[in-house]
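Peer 1: Below you will find the structure I want to go over with you.
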6 protein chains.
Amino acid sequence: MDILVVNPNSTASMTDKIVEAARRAADEGVTIIGATAVGAPASIEGHVDEAMSLPGLLDQVRQAEARGIDGVVVACFDDFGIGACREIATGPVLGICEASVKAASMLAMSFSVVTTLPRSVPIIEELIHRYGLSHMCRRVRSAEIPVLALEEPGSNARIKVRDEILRAIEEDRCEAVVLGCAGMADLTTWLSEETGIPVIDGVTVATRMVSALVGCGLKTSKINAYAAPNVK
Amino acid sequence: MDILVVNPNSTASMTDKIVEAARRAADEGVTIIGATAVGAPASIEGHVDEAMSLPGLLDQVRQAEARGIDGVVVACFDDFGIGACREIATGPVLGICEASVKAASMLAMSFSVVTTLPRSVPIIEELIHRYGLSHMCRRVRSAEIPVLALEEPGSNARIKVRDEILRAIEEDRCEAVVLGCAGMADLTTWLSEETGIPVIDGVTVATRMVSALVGCGLKTSKINAYAAPNVK
Amino acid sequence: MDILVVNPNSTASMTDKIVEAARRAADEGVTIIGATAVGAPASIEGHVDEAMSLPGLLDQVRQAEARGIDGVVVACFDDFGIGACREIATGPVLGICEASVKAASMLAMSFSVVTTLPRSVPIIEELIHRYGLSHMCRRVRSAEIPVLALEEPGSNARIKVRDEILRAIEEDRCEAVVLGCAGMADLTTWLSEETGIPVIDGVTVATRMVSALVGCGLKTSKINAYAAPNVK
Amino acid sequence: MDILVVNPNSTASMTDKIVEAARRAADEGVTIIGATAVGAPASIEGHVDEAMSLPGLLDQVRQAEARGIDGVVVACFDDFGIGACREIATGPVLGICEASVKAASMLAMSFSVVTTLPRSVPIIEELIHRYGLSHMCRRVRSAEIPVLALEEPGSNARIKVRDEILRAIEEDRCEAVVLGCAGMADLTTWLSEETGIPVIDGVTVATRMVSALVGCGLKTSKINAYAAPNVK
Amino acid sequence: MDILVVNPNSTASMTDKIVEAARRAADEGVTIIGATAVGAPASIEGHVDEAMSLPGLLDQVRQAEARGIDGVVVACFDDFGIGACREIATGPVLGICEASVKAASMLAMSFSVVTTLPRSVPIIEELIHRYGLSHMCRRVRSAEIPVLALEEPGSNARIKVRDEILRAIEEDRCEAVVLGCAGMADLTTWLSEETGIPVIDGVTVATRMVSALVGCGLKTSKINAYAAPNVK
Amino acid sequence: MDILVVNPNSTASMTDKIVEAARRAADEGVTIIGATAVGAPASIEGHVDEAMSLPGLLDQVRQAEARGIDGVVVACFDDFGIGACREIATGPVLGICEASVKAASMLAMSFSVVTTLPRSVPIIEELIHRYGLSHMCRRVRSAEIPVLALEEPGSNARIKVRDEILRAIEEDRCEAVVLGCAGMADLTTWLSEETGIPVIDGVTVATRMVSALVGCGLKTSKINAYAAPNVK
């Protein structure tokens with residue numbers, strides 16, 4: 001089974017990290033195909049970055065689909081372009097926000113999200129409203145760190161994330177935490193040990209969940225909303 | 001006051017029709033600047049078309065912003081890219097679905113939407129859920145006509161739309177109808193007369209509503225979600 | 001275009017202030033007709049005051065309708081009697097809560113409301129639930145000032161309002177603020193400058209929005225809920 | 001225990017019928033005090049009728065409160081003025097829509113409402129949304145009979161109501177039916193026998209529920225929203 | 001009228017206390033039949049305890065039904081097994097969470113719940129979501145006391161509960177408080193006097209509400225979800 | 001990885017069929033441990049059957065947990081007892097309704113459910129409300145077949161199911177269908193081919209999804225709601 005894990009920004013080092021996380025997560029029979037959205041912004045911080053990454057993102061999905069990919073993970077927590085990817089792909093497509101908040105809802109009766117930037121907070125809240133899980137989401141929090149700081153050696157980003165999770169447990173009385181960013185997969189085990197609750201990484205979960213859907217023989221519906229794009 | 005009305009598809013004849021509708025709608029002191037999303041698909045039928053039109057759409061908004069535009073209308077009923085336009089623009093930005101369903105909620109206790117293609121139905125339902133108006137929306141219906149058929153002389157598209165509105169009144173017991181497409185503005189008066197209920201066109205309403213917000217001195221919030229894009 | 005702006009309490013000095021705000025807001029071709037609900041309480045503080053102001057309010061709308069008014073603004077943030085006004089009026093009718101929270105939802109992904117009295121807070125929360133915007137409303141706050149204090153020279157009401165907005169930004173992480181009272185229109189610009197976010201006044205926005213709907217040729221639906229009252 | 005049952009319209013014969021139903025419903029130790037809203041419209045058909053009945057309705061509640069009433073039932077299915085009555089009354093106050101849909105939610109997992117006039121349908125739908133029971137309400141239906149027809153001997157109103165209930169069972173798959181009108185209490189037993197499901201009358205249920213709350217020693221909260229009206 | 005009040009845990013002293021509360025609450029003509037779920041856990045603290053108490057709980061309802069009981073109160077705030085009891089019983093069945101939060105929604109525009117253990121908080125939140133009252137519920141709070149501490153003389157449990165209610169008024173701005181436990185009925189009057197707001201006990205309210213439904217001649221619907229169990 | 005798939009009814013032949021489906025679904029490294037709820041009813045048709053199966057169900061989970069099971073699937077579409085299983089189990093636990101409707105929400109923008117008995121319909125609707133997916137669920141339908149008919153050779157159950165799916169596509173305009181029963185796994189491929197849309201079986205999907213969560217290293221949260229049961 002071949003799963004495309006596409007980083008919709010153009011920072012190849014982040015793709016490497018994401019693909020590494022996906023490979024660590026993937027089951028034996030699963031081959032992870034990494035891809036970077038050529039021409040996209042270096043990081044996705046807000047709606048314009050999302051929009052500008054779409055042509056590159058869809059291009060990767062189109063190419064992979066042509067080569068017969070079985071499923072697709074879009075590795076950005078803002079879950080944009082998922083509908084478009086679902087039109088192109090035959091197999092299942094998951095964004096990492098959808099995958100991880102749905103996983104959280106299976107492991108706990110309440111959860112909080114810890115993301116990087118304050119500007120992502122309302123975007124993630126809207127996604128959770130769309131997925132119907134607002135009643136289980138205590139709060140979307142920002143650890144106030146730039147996305148790329150997670151890449152920098154010597155940055156105290158991981159400490160900030162841990163402290164925000166501890167605040168979430170204390171103040172929100174949440175029972176699980178979702179990491180609201182594609183670049184934190186390597187912190188998951190450490191954070192879970194430090195804080196004592198399930199800490200959920202989207203890349204890991206989305207990779208496994210897409211594989212699960214493929215393994216069930218399920219494909220994206222081709223009636224109405226996700227029908228293949230009309231040729232023009 | 002200068003309002004940009006941007007057609008996110010690349011069909012210039014549709015832009016002409018939309019701009020004409022906006023000009024008919026606009027108040028005296030308002031100048032309508034029409035624009036077409038260069039490089040976008042010829043019509044927006046589904047998520048991929050939406051995505052592929054974004055660079056061209058944002059480009060028009062960026063150019064208009066640089067020239068000091070006061071407000072923006074995005075003339076496609078799928079309301080995609082609105083968040084990105086709001087990051088770029090200083091003034092208010094409205095999609096025509098948001099404008100028209102909110103207008104409908106001010107004129108009636110319930111409404112239905114009549115759109116062109118079946119594939120748009122779930123997309124519009126999701127938008128209405130996002131805008132919080134599902135409890136007032138009886139049903140999103142498709143008149144089963146291709147978007148571009150509205151442009152063709154001799155097509156019976158207008159009859160189909162009228163008949164679908166009559167069915168909506170009969171079956172949904174709705175009290176107003178929203179036209180779920182940017183290309184039906186010229187039918188509004190006729191449809192309202194034929195059916196006896198308010199028939200709402202998004203281009204008309206969005207143009208007037210953006211002007212209203214500008215007239216109030218209101219601008220898009222620049223805190224968090226709609227802050228100007230980070231320079232990379 | 002003639003727009004009735006009716007103050008549903010009987011304090012004429014408040015009507016003057018409201019009408020002044022509406023005139024400042026109104027577009028060139030719009031004539032604002034002010035009216036005071038004769039026989040209503042001096043201020044609307046709670047449900048009984050609302051109820052007791054209704055006959056006077058409807059009387060003003062009936063008279064204006066007889067003279068051919070084009071649209072109606074009801075200038076109290078509790079948005080009571082709107083359905084009744086919509087039955088009487090041919091044109092569009094807006095309460096200032098509905099107008100301003102819907103405007104807020106077009107300018108920001110989240111907002112808080114700052115009203116005067118604590119007793120209004122649950123009433124406004126219920127309105128926002130009815131309008132379907134609870135998921136965008138962070139909190140309804142009271143600045144704990146009596147409605148009429150806004151009229152008194154030397155009162156520190158405006159400082160209290162500003163400070164409550166600053167607390168809303170800090171504690172609620174809201175991206176816009178709606179002023180939950182008809183008497184604060186003259187503070188809007190100052191408050192927005194002091195706080196750095198969009199501050200929205202209902203009288204201003206409702207006046208412009210009703211004009212916008214009238215300008216579109218839209219009228220209140222006369223099917224079912226808002227049909228003209230039965231003659232008895 | 002004294003319970004006020006107030007008919008907010010001015011038709012005394014309807015008050016008689018309502019009071020008779022309340023007395024039939026009431027427990028032994030409960031005295032039903034009937035009242036008619038003097039000066040109100042002859043029937044409540046829509047928002048204006050609601051509004052015009054409010055001064056008379058509140059007057060009755062004020063008088064009864066002065067005489068030490070223990071609880072209040074407002075016998076119109078539109079549940080208007082309830083907040084105002086709750087400000088005036090010390091004891092519990094219930095509208096018959098709230099009482100009966102909450103009762104239905106205790107007896108079945110789904111219900112439909114059968115009311116008289118089509119114009120009441122969206123009003124009742126909004127009430128049910130406000131009470132948080134939309135997910136249990138299959139449909140609000142109109143039997144298309146004028147309110148006063150229920151009073152006319154020889155009218156086939158009761159047959160129309162029964163047939164609408166049978167349609168609700170067949171088409172809505174509902175498990176209980178709420179009668180959406182104050183004047184159908186005498187039909188309840190017959191309708192329930194004819195249709196085989198619980199048929200719930202609001203006057204009956206509201207009388208018993210208010211008595212129950214009074215019997216528990218519970219009173220209306222006097223903090224914030226339902227605090228006694230400010231004296232002016 | 002005979003009402004079964006069943007304590008789904010096996011602690012007979014708690015049954016005594018609950019039955020005493022129900023008798024105090026009950027109207028003259030009502031006979032309270034107390035019952036203890038034989039074989040159930042000593043207290044219900046979480047989902048497993050709920051599950052293990054079900055056979056004993058249903059057994060009591062079956063026996064009472066055979067003897068012709070008129071209605072049933074299940075005296076645990078977690079409201080589990082209610083659907084099963086409704087299948088068995090002919091008359092109405094109420095859990096004490098459902099009864100008390102619906103009562104709260106009739107007396108105030110907002111309420112908070114004060115329960116005993118933190119682990120019950122998400123369970124109660126989910127119940128309130130199911131009953132459709134999340135928009136009126138400010139917060140579910142735990143006073144952090146073990147269920148059985150309420151039985152111990154000399155414990156400061158009642159002080160802890162009072163202090164938590166005072167915090168709820170201060171921090172949540174709630175207008176009523178529901179006691180989230182079956183064993184606090186004797187504290188209600190004292191708590192209400194100490195705190196100045198309606199404090200609602202579930203056993204009291206459920207007993208009265210079930211009696212009210214029985215008094216109306218209403219029974220559990222036997223169509224679909226609550227039909228009598230199939231014989232196997 | 002060892003996954004317990006427990007059939008909460010006592011019909012061993014149904015367990016065999018379910019386990020067979022789970023094994024067909026399971027990934028290579030996964031060992032499926034089947035179990036039958038000893039002492040439970042022969043089929044789960046309504047709330048009482050659910051309740052009576054709980055002790056046997058929890059017993060199986062306790063035994064498996066003692067032997068170090070990695071995850072649990074509860075193979076009944078009513079999703080009862082899931083919270084109790086989550087308290088007992090260290091690893092993830094999924095009911096088949098939750099797994100399949102969440103899968104459906106990843107593959108299509110709308111879905112319908114086809115279950116066996118009419119009495120299950122409101123139960124499933126309530127589950128979907130609890131999972132937050134009501135806005136994506138078009139309708140829960142019953143094919144009106146007894147659960148055990150699926151086991152009988154020569155029954156036309158499968159034809160009835162297919163025809164109900166075709167009606168769902170036609171009438172509900174749904175884009176995927178969830179099979180609302182544990183015993184239909186072997187029909188999935190055939191049904192999907194006959195109807196042209198994704199047809200989702202809960203046993204298959206839950207097995208794969210639990211394995212996915214285990215594969216991610218995720219466990220059930222042991223804070224608050226799903227903490228291990230208190231020892232008594």
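So you can find residues: chains in the structure tokens are A, B, ... in the order shown, residues in each start at 1, and ligands are numbered from 1 in order.
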Find the residues in chain B near chain A: any atom within 6 Å counts, using only C-alpha atoms. Write them as a ChimeraX atom specification.

Peer 2: /B:47-48,83-84,119,224-225

Peer 1: Those residues you just picked out, can you put them in a file as a PDB file, in the first residue's frame with C-alpha atoms?

Peer 2:
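Output (selection36.pdb):
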ATOM      1  CA  HIS B  47     -13.339  22.076  -5.082  1.00  0.00           C
ATOM      2  CA  VAL B  48     -10.542  21.732  -7.626  1.00  0.00           C
ATOM      3  CA  GLY B  83     -10.322  34.344   4.477  1.00  0.00           C
ATOM      4  CA  ALA B  84      -7.322  34.911   2.226  1.00  0.00           C
ATOM      5  CA  ARG B 119     -22.267  18.720  -6.877  1.00  0.00           C
ATOM      6  CA  ASN B 224      -5.261  37.127  14.579  1.00  0.00           C
ATOM      7  CA  ALA B 225      -7.116  35.304  11.803  1.00  0.00           C
TER       8      ALA B 225
END

Peer 1: Neighbours of Ala103 in chain D within 8 Å (only C-alpha atoms; same-chain residues fewer than 4 positions away dropped), as an mmCIF file with C-alpha atoms, in the first residue's frame?

Peer 2:
data_model
loop_
_atom_site.group_PDB
_atom_site.id
_atom_site.type_symbol
_atom_site.label_atom_id
_atom_site.label_comp_id
_atom_site.auth_asym_id
_atom_site.auth_seq_id
_atom_site.Cartn_x
_atom_site.Cartn_y
_atom_site.Cartn_z
ATOM 1 C CA ALA D 99 -43.912 22.674 28.895
ATOM 2 C CA LEU D 107 -41.731 10.322 26.918
ATOM 3 C CA ILE D 200 -49.595 16.008 24.553
ATOM 4 C CA VAL D 205 -48.854 19.662 31.051
ATOM 5 C CA LEU E 213 -46.760 13.533 33.835
#

Peer 1: Please run DSSP on the backbone and report, as a PyMOL selection string, all residues within chain C that come out as strand (DSSP E or B).

Peer 2: chain C and resi 2-7+31-36+71-74+93-95+111-115+137-142+177-180+199-201

Peer 1: Pick out the residues sitting within 12 Å of Trp190 in chain A, and hand them over as a list of chain:residue names; count only C-alpha atoms, and ignore anything fewer than 6 positions along from it in its own chain.

Peer 2: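 Final neighbour list, sorted by chain and number: A:Arg158, A:Ile159, A:Val161, A:Arg162, A:Met184, A:Gly196, A:Ile197, A:Pro198, A:Val199, A:Ile200, A:Asp201.
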
Peer 1: Can you write out the residues you just picked, keeping C-alpha atoms, as a compact mmCIF listing (two decimals), in the first residue's frame?

Peer 2:
# COMPACT_ATOMS: atom_id res chain seq x y z
CA ARG A 158 9.41 22.12 23.07
CA ILE A 159 9.42 23.51 26.61
CA VAL A 161 4.63 23.38 24.13
CA ARG A 162 4.91 21.22 27.25
CA MET A 184 5.74 18.25 16.40
CA GLY A 196 0.42 12.15 31.80
CA ILE A 197 -2.29 12.41 29.16
CA PRO A 198 -2.63 11.27 25.56
CA VAL A 199 -0.84 13.72 23.29
CA ILE A 200 -1.90 13.26 19.71
CA ASP A 201 0.15 14.08 16.63

Peer 1: Give me the residues near range 59-75 of chain A as an MDAnalysis selection string, where near means some atom within 9 Å (using only C-alpha atoms) and where sequence neighbours in that chain fewer than 3 positions away do not count.

Peer 2: chainID A and resid 1:8 15 18 33 35:38 54:56 78:82 85:86 88:97 181:183 202:203 206:207 210:211 213:214 219

Peer 1: With N, CA and C atoms retained, write the just-selected residues as a CSV table (one decimal), in the first residue's frame.

Peer 2:
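out_26.csv was written with the following content:
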chain,number,residue,atom,x,y,z
A,1,MET,N,0.8,-1.2,0.0
A,1,MET,CA,0.0,0.0,0.0
A,1,MET,C,0.9,1.3,0.0
A,2,ASP,N,0.6,2.2,-0.9
A,2,ASP,CA,1.4,3.4,-1.1
A,2,ASP,C,0.6,4.6,-0.6
A,3,ILE,N,1.1,5.3,0.4
A,3,ILE,CA,0.4,6.5,0.9
A,3,ILE,C,1.3,7.7,0.6
A,4,LEU,N,0.6,8.7,0.0
A,4,LEU,CA,1.3,10.0,-0.2
A,4,LEU,C,1.2,10.9,1.0
A,5,VAL,N,2.3,11.3,1.5
A,5,VAL,CA,2.3,12.3,2.6
A,5,VAL,C,2.8,13.6,2.0
A,6,VAL,N,2.0,14.6,1.8
A,6,VAL,CA,2.4,15.8,1.2
A,6,VAL,C,2.5,17.0,2.1
A,7,ASN,N,3.6,17.6,2.1
A,7,ASN,CA,3.8,18.8,2.9
A,7,ASN,C,3.4,20.0,2.0
A,8,PRO,N,2.3,20.7,2.4
A,8,PRO,CA,1.9,21.8,1.5
A,8,PRO,C,2.7,23.0,1.5
A,15,THR,N,9.4,18.7,5.2
A,15,THR,CA,8.9,17.4,4.6
A,15,THR,C,9.7,16.2,5.1
A,18,ILE,N,8.4,15.4,8.5
A,18,ILE,CA,7.1,14.8,8.4
A,18,ILE,C,7.1,13.4,7.9
A,33,ILE,N,5.2,7.8,0.5
A,33,ILE,CA,5.8,8.6,-0.5
A,33,ILE,C,5.7,10.1,-0.1
A,35,ALA,N,6.2,14.2,-0.4
A,35,ALA,CA,6.2,15.2,-1.4
A,35,ALA,C,6.1,16.6,-0.8
A,36,THR,N,6.7,17.5,-1.5
A,36,THR,CA,6.7,18.9,-1.1
A,36,THR,C,6.0,19.7,-2.2
A,37,ALA,N,5.2,20.7,-1.7
A,37,ALA,CA,4.4,21.5,-2.7
A,37,ALA,C,5.3,22.5,-3.3
A,38,VAL,N,5.8,22.2,-4.5
A,38,VAL,CA,6.7,23.1,-5.2
A,38,VAL,C,6.0,24.5,-5.4
A,54,LEU,N,-1.9,25.9,-2.7
A,54,LEU,CA,-2.8,24.9,-3.3
A,54,LEU,C,-2.4,24.4,-4.6
A,55,PRO,N,-2.0,25.2,-5.6
A,55,PRO,CA,-1.6,24.6,-6.9
A,55,PRO,C,-0.5,23.6,-6.7
A,56,GLY,N,0.5,23.9,-5.9
A,56,GLY,CA,1.6,22.9,-5.7
A,56,GLY,C,1.1,21.7,-5.0
A,78,ASP,N,-4.1,23.1,9.1
A,78,ASP,CA,-5.2,24.0,8.7
A,78,ASP,C,-6.2,23.3,7.8
A,79,ASP,N,-5.9,22.1,7.4
A,79,ASP,CA,-6.8,21.2,6.6
A,79,ASP,C,-7.4,22.0,5.5
A,80,PHE,N,-6.7,22.7,4.7
A,80,PHE,CA,-7.2,23.4,3.5
A,80,PHE,C,-7.0,22.5,2.3
A,81,GLY,N,-7.8,22.7,1.3
A,81,GLY,CA,-7.6,21.9,0.1
A,81,GLY,C,-8.0,20.5,0.1
A,82,ILE,N,-8.5,20.0,1.2
A,82,ILE,CA,-8.9,18.6,1.4
A,82,ILE,C,-10.0,18.2,0.4
A,85,CYS,N,-8.4,17.8,-3.0
A,85,CYS,CA,-7.6,16.5,-3.0
A,85,CYS,C,-8.6,15.4,-3.2
A,86,ARG,N,-9.7,15.4,-2.5
A,86,ARG,CA,-10.6,14.3,-2.5
A,86,ARG,C,-11.3,14.2,-3.9
A,88,ILE,N,-9.6,14.8,-6.7
A,88,ILE,CA,-8.6,14.2,-7.5
A,88,ILE,C,-8.3,12.8,-7.2
A,89,ALA,N,-8.3,12.5,-5.9
A,89,ALA,CA,-7.8,11.1,-5.5
A,89,ALA,C,-9.0,10.1,-5.6
A,90,THR,N,-8.6,8.9,-5.9
A,90,THR,CA,-9.5,7.8,-5.9
A,90,THR,C,-9.6,7.3,-4.4
A,91,GLY,N,-8.5,7.2,-3.8
A,91,GLY,CA,-8.5,6.7,-2.4
A,91,GLY,C,-8.8,7.7,-1.4
A,92,PRO,N,-8.8,7.3,-0.1
A,92,PRO,CA,-9.1,8.3,1.0
A,92,PRO,C,-8.0,9.4,1.2
A,93,VAL,N,-8.5,10.5,1.6
A,93,VAL,CA,-7.6,11.7,1.8
A,93,VAL,C,-7.9,12.2,3.2
A,94,LEU,N,-6.9,12.5,4.0
A,94,LEU,CA,-7.1,13.1,5.3
A,94,LEU,C,-6.2,14.3,5.6
A,95,GLY,N,-6.8,15.3,6.2
A,95,GLY,CA,-6.0,16.3,6.7
A,95,GLY,C,-5.6,16.0,8.2
A,96,ILE,N,-4.6,16.6,8.7
A,96,ILE,CA,-4.1,16.1,10.0
A,96,ILE,C,-4.9,16.7,11.2
A,97,CYS,N,-5.6,17.8,10.9
A,97,CYS,CA,-6.5,18.3,12.0
A,97,CYS,C,-7.7,17.3,12.1
A,181,CYS,N,-0.1,21.2,14.8
A,181,CYS,CA,1.0,21.6,13.9
A,181,CYS,C,1.6,20.3,13.3
A,182,ALA,N,2.1,20.4,12.1
A,182,ALA,CA,2.6,19.2,11.4
A,182,ALA,C,4.0,18.8,11.9
A,183,GLY,N,4.7,19.8,12.6
A,183,GLY,CA,6.1,19.6,12.9
A,183,GLY,C,6.4,19.1,14.3
A,202,GLY,N,-0.9,14.8,14.6
A,202,GLY,CA,-1.7,14.6,13.4
A,202,GLY,C,-1.1,13.8,12.3
A,203,VAL,N,0.2,13.9,12.1
A,203,VAL,CA,0.8,13.2,11.0
A,203,VAL,C,0.8,11.7,11.2
A,206,ALA,N,-3.0,10.5,11.1
A,206,ALA,CA,-3.6,10.6,9.7
A,206,ALA,C,-3.0,9.5,8.9
A,207,THR,N,-1.7,9.3,9.0
A,207,THR,CA,-1.1,8.2,8.2
A,207,THR,C,-1.7,6.8,8.5
A,210,VAL,N,-5.6,6.8,7.3
A,210,VAL,CA,-5.7,6.6,5.9
A,210,VAL,C,-5.4,5.2,5.5
A,211,SER,N,-4.3,4.7,6.1
A,211,SER,CA,-4.0,3.3,5.8
A,211,SER,C,-5.1,2.4,6.2
A,213,LEU,N,-8.4,3.1,6.3
A,213,LEU,CA,-9.5,3.2,5.4
A,213,LEU,C,-9.1,2.4,4.1
A,214,VAL,N,-7.9,2.6,3.6
A,214,VAL,CA,-7.5,1.8,2.4
A,214,VAL,C,-7.6,0.3,2.7
A,219,LYS,N,-12.9,3.9,-0.5
A,219,LYS,CA,-12.4,4.9,-1.4
A,219,LYS,C,-13.3,6.2,-1.2

Peer 1: Need the shell around Arg141 in chain D: protein/DNA/RNA residues with any atom at most 10 Å away, counting only C-alpha atoms. Skip same-chain ones fewer than 4 positions apart. Format as a PyMOL selection string?

Peer 2: chain D and resi 112-118+120-122+124-125+164-165+167-168+179-180

Peer 1: Could you please write out, as a PyMOL selection string, every residue of range 1-231 of chain B that DSSP assigns to alpha helix (DSSP H)?

Peer 2: chain B and resi 12-25+47-66+82-88+96-107+121-130+157-167+188-195+202-215

Peer 1: Suppose you want the space between CA of Thr31 in chain F and CA of Gly29 in chain A; what is it in Å?

Peer 2: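 One can read the CA of Thr31 in chain F to CA of Gly29 in chain A distance as 15.9 Å.
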
Peer 1: Kindly give the distance, in Å, that separates CA of Val178 in chain F and CA of Ala21 in chain F, rounded to a single decimal.

Peer 2: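 Going from CA of Val178 in chain F over to CA of Ala21 in chain F covers 15.7 Å.
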